[in-house]
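Below: one structure, written as structure tokens.
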Amino acid sequence: QVQLVESGGGLVQAGGSLRLSCSAPGRTFSTYAMGWFRQAPGKEREFVAGINWISDSAYYTDSVKGRFTISRDNAKNTVYLQMSSLKPEDTAVYYCAADRNLSGFISYSDSEYDYWGQGTQVTVSS
């Protein structure tokens with residue numbers, strides 16, 4: 001079992017920035033596809049960004065393209081989500097997830113991911 005731990009959430013004004021981190025203490029996920037999802041109150045959990053392990057290719061949902069950047073540091077077993085130009089509609093609990101598939105494919109479906117963190121709250125005030 002891989003336990004993912006997120007950090008970096010908080011309260012920020014619209015237009016501000018936050019960086020989320022996700023680590024797996026004692027485990028390496030260098031060959032896992034990694035994703036960030038979010039869930040706003042009353043809404044389903046949605047894909048935000050993903051990064052594969054083969055080429056570090058990154059994928060984003062349309063609403064965050066140009067504002068969010070996902071990256072990974074395999075030496076530190078850490079995945080980051082840099083969020084800039086934040087909007088009130090970005091308010092949600094953000095989850096880190098790991099997919100054991102080795103193909104390099106990034107799924108936008110949360111059912112494909114094997115391990116999850118506990119989530120970190122991001123609140124953007126207007």
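Ligands are numbered from 1 in the order shown, chains are lettered A, B, ... in the order of the structure tokens, and residues start at 1 in each chain.
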ask   = Near A:Ala97, within 7 Å and counting only C-alpha atoms, which residues show up once chain neighbours fewer than 4 positions away are dropped, as a PyMOL selection string?
value = chain A and resi 34-36+113+115-117
query = What lies within 9 Å of A:Gln39 using only C-alpha atoms, ignoring chain neighbours under 3 positions off, as a ChimeraX atom specification?
reply = /A:42-46,91-95
Next, the residues of the selection above should be written as a short mmCIF file (atom, residue, chain, number, x, y, z; two decimals), in the first residue's frame with N, CA and C atoms.
```cif
data_model
loop_
_atom_site.label_atom_id
_atom_site.label_comp_id
_atom_site.auth_asym_id
_atom_site.auth_seq_id
_atom_site.Cartn_x
_atom_site.Cartn_y
_atom_site.Cartn_z
N GLY A 42 -20.45 19.70 -3.45
CA GLY A 42 -21.60 19.41 -4.29
C GLY A 42 -21.27 18.96 -5.70
N LYS A 43 -19.99 18.79 -5.99
CA LYS A 43 -19.58 18.39 -7.33
C LYS A 43 -18.79 17.10 -7.30
N GLU A 44 -18.71 16.46 -8.45
CA GLU A 44 -17.93 15.24 -8.55
C GLU A 44 -16.43 15.58 -8.60
N ARG A 45 -15.65 14.61 -8.22
CA ARG A 45 -14.20 14.79 -8.30
C ARG A 45 -13.80 14.85 -9.78
N GLU A 46 -12.92 15.77 -10.09
CA GLU A 46 -12.51 15.95 -11.49
C GLU A 46 -11.00 15.95 -11.63
N THR A 91 -11.56 26.76 -6.01
CA THR A 91 -11.76 26.32 -4.63
C THR A 91 -12.25 24.88 -4.60
N ALA A 92 -11.52 24.03 -3.88
CA ALA A 92 -11.85 22.61 -3.82
C ALA A 92 -10.88 21.92 -2.88
N VAL A 93 -11.17 20.66 -2.60
CA VAL A 93 -10.18 19.80 -1.96
C VAL A 93 -9.38 19.15 -3.10
N TYR A 94 -8.08 19.27 -3.02
CA TYR A 94 -7.20 18.74 -4.06
C TYR A 94 -6.57 17.44 -3.58
N TYR A 95 -6.62 16.44 -4.45
CA TYR A 95 -6.11 15.11 -4.14
C TYR A 95 -4.99 14.72 -5.10
#
```
task = Find the residues near A:Thr31: any atom within 7 Å, counting only C-alpha atoms, skip ones fewer than 2 places away on the same chain, and give them as an NGL selection string.
result = :A and (29 or 33 or 53 or 102)
key: DSSP-assigned strand (DSSP E) members of chain A, reported as a ChimeraX atom specification   = /A:5-7,10-13,18-23,33-39,46-51,58-60,68-73,78-83,92-99,115-116,120-125
Need the shell around stretch 70-76 of chain A: protein/DNA/RNA residues with any atom at most 7 Å away, counting only C-alpha atoms. Skip same-chain ones fewer than 3 positions apart. Format as a PDB file with all heavy atoms, in the first residue's frame?
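File written: out-v4.pdb
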```
ATOM      1  N   SER A  30       8.472   6.456  -8.991  1.00  0.00           N
ATOM      2  CA  SER A  30       9.115   6.964 -10.203  1.00  0.00           C
ATOM      3  C   SER A  30       8.545   6.346 -11.474  1.00  0.00           C
ATOM      4  O   SER A  30       8.685   6.925 -12.546  1.00  0.00           O
ATOM      5  CB  SER A  30      10.624   6.731 -10.137  1.00  0.00           C
ATOM      6  OG  SER A  30      10.903   5.346  -9.996  1.00  0.00           O
ATOM      7  N   ALA A  49      -4.731  17.593 -13.451  1.00  0.00           N
ATOM      8  CA  ALA A  49      -3.469  17.496 -14.180  1.00  0.00           C
ATOM      9  C   ALA A  49      -2.859  16.121 -13.953  1.00  0.00           C
ATOM     10  O   ALA A  49      -3.118  15.485 -12.931  1.00  0.00           O
ATOM     11  CB  ALA A  49      -2.490  18.584 -13.732  1.00  0.00           C
ATOM     12  N   GLY A  50      -2.051  15.679 -14.907  1.00  0.00           N
ATOM     13  CA  GLY A  50      -1.367  14.403 -14.776  1.00  0.00           C
ATOM     14  C   GLY A  50      -0.016  14.459 -15.443  1.00  0.00           C
ATOM     15  O   GLY A  50       0.224  15.283 -16.341  1.00  0.00           O
ATOM     16  N   ILE A  51       0.875  13.587 -14.984  1.00  0.00           N
ATOM     17  CA  ILE A  51       2.211  13.541 -15.547  1.00  0.00           C
ATOM     18  C   ILE A  51       2.654  12.092 -15.617  1.00  0.00           C
ATOM     19  O   ILE A  51       2.465  11.328 -14.673  1.00  0.00           O
ATOM     20  CB  ILE A  51       3.188  14.403 -14.710  1.00  0.00           C
ATOM     21  CG1 ILE A  51       4.562  14.487 -15.375  1.00  0.00           C
ATOM     22  CG2 ILE A  51       3.303  13.898 -13.273  1.00  0.00           C
ATOM     23  CD1 ILE A  51       5.464  15.568 -14.765  1.00  0.00           C
ATOM     24  N   ALA A  58       2.993  16.203 -19.591  1.00  0.00           N
ATOM     25  CA  ALA A  58       1.962  16.699 -18.687  1.00  0.00           C
ATOM     26  C   ALA A  58       0.650  16.926 -19.433  1.00  0.00           C
ATOM     27  O   ALA A  58       0.651  17.277 -20.624  1.00  0.00           O
ATOM     28  CB  ALA A  58       2.418  17.999 -18.025  1.00  0.00           C
ATOM     29  N   VAL A  79       5.671  15.019  -6.156  1.00  0.00           N
ATOM     30  CA  VAL A  79       4.990  15.606  -7.306  1.00  0.00           C
ATOM     31  C   VAL A  79       4.435  16.955  -6.859  1.00  0.00           C
ATOM     32  O   VAL A  79       3.950  17.088  -5.735  1.00  0.00           O
ATOM     33  CB  VAL A  79       3.853  14.704  -7.809  1.00  0.00           C
ATOM     34  CG1 VAL A  79       3.072  15.383  -8.916  1.00  0.00           C
ATOM     35  CG2 VAL A  79       4.409  13.388  -8.299  1.00  0.00           C
ATOM     36  N   TYR A  80       4.515  17.926  -7.746  1.00  0.00           N
ATOM     37  CA  TYR A  80       4.077  19.275  -7.415  1.00  0.00           C
ATOM     38  C   TYR A  80       2.957  19.718  -8.349  1.00  0.00           C
ATOM     39  O   TYR A  80       2.866  19.283  -9.498  1.00  0.00           O
ATOM     40  CB  TYR A  80       5.243  20.261  -7.554  1.00  0.00           C
ATOM     41  CG  TYR A  80       6.438  19.914  -6.723  1.00  0.00           C
ATOM     42  CD1 TYR A  80       7.534  19.244  -7.289  1.00  0.00           C
ATOM     43  CD2 TYR A  80       6.501  20.258  -5.379  1.00  0.00           C
ATOM     44  CE1 TYR A  80       8.644  18.925  -6.529  1.00  0.00           C
ATOM     45  CE2 TYR A  80       7.616  19.943  -4.616  1.00  0.00           C
ATOM     46  CZ  TYR A  80       8.678  19.273  -5.195  1.00  0.00           C
ATOM     47  OH  TYR A  80       9.769  18.961  -4.430  1.00  0.00           O
ATOM     48  N   LEU A  81       2.138  20.608  -7.831  1.00  0.00           N
ATOM     49  CA  LEU A  81       1.164  21.302  -8.665  1.00  0.00           C
ATOM     50  C   LEU A  81       1.300  22.790  -8.355  1.00  0.00           C
ATOM     51  O   LEU A  81       0.892  23.243  -7.285  1.00  0.00           O
ATOM     52  CB  LEU A  81      -0.256  20.827  -8.407  1.00  0.00           C
ATOM     53  CG  LEU A  81      -1.318  21.440  -9.329  1.00  0.00           C
ATOM     54  CD1 LEU A  81      -1.116  20.953 -10.765  1.00  0.00           C
ATOM     55  CD2 LEU A  81      -2.727  21.114  -8.848  1.00  0.00           C
ATOM     56  N   GLN A  82       1.924  23.505  -9.277  1.00  0.00           N
ATOM     57  CA  GLN A  82       2.052  24.944  -9.133  1.00  0.00           C
ATOM     58  C   GLN A  82       0.807  25.591  -9.709  1.00  0.00           C
ATOM     59  O   GLN A  82       0.503  25.398 -10.891  1.00  0.00           O
ATOM     60  CB  GLN A  82       3.298  25.441  -9.862  1.00  0.00           C
ATOM     61  CG  GLN A  82       3.482  26.945  -9.814  1.00  0.00           C
ATOM     62  CD  GLN A  82       3.784  27.457  -8.427  1.00  0.00           C
ATOM     63  OE1 GLN A  82       4.641  26.928  -7.719  1.00  0.00           O
ATOM     64  NE2 GLN A  82       3.077  28.500  -8.007  1.00  0.00           N
TER      65      GLN A  82
END
```
key: Distance query A:Leu86 at most 6 Å, only C-alpha atoms, self and fewer than 2 positions along chain excluded, as an NGL selection string   = :A and (14-16 or 84)
inquiry  = Counting only C-alpha atoms, which residue out of A:Ile106, A:Ala40, A:Ala98, A:Val124 sits closest to A:Ser85?
reply    = A:Val124
inquiry  = Residues of chain A classed as helix (DSSP H, G or I) by DSSP on the backbone are to be reported as a list in words.
reply    =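 Of chain A, only Asp62, Ser63, Val64, Asn74, Ala75, Lys76, Pro88, Glu89, Asp90, Asp110, Ser111 and Glu112 of chain A fall in helix (DSSP H, G or I).
If only C-alpha atoms are the atoms counted, then among A:Pro41, A:Gln3, A:Phe47, A:Asn77 the closest residue to A:Gln121 is A:Pro41.
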request  = For each of A:Ser17, A:Thr78, A:Thr69, A:Ser125, take the minimum atom-to-atom distance to A:Val5, counting only C-alpha atoms, then give the residue where this is smallest.
outcome  =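 Among A:Ser17, A:Thr78, A:Thr69, A:Ser125, it is A:Thr78 that comes nearest to A:Val5.
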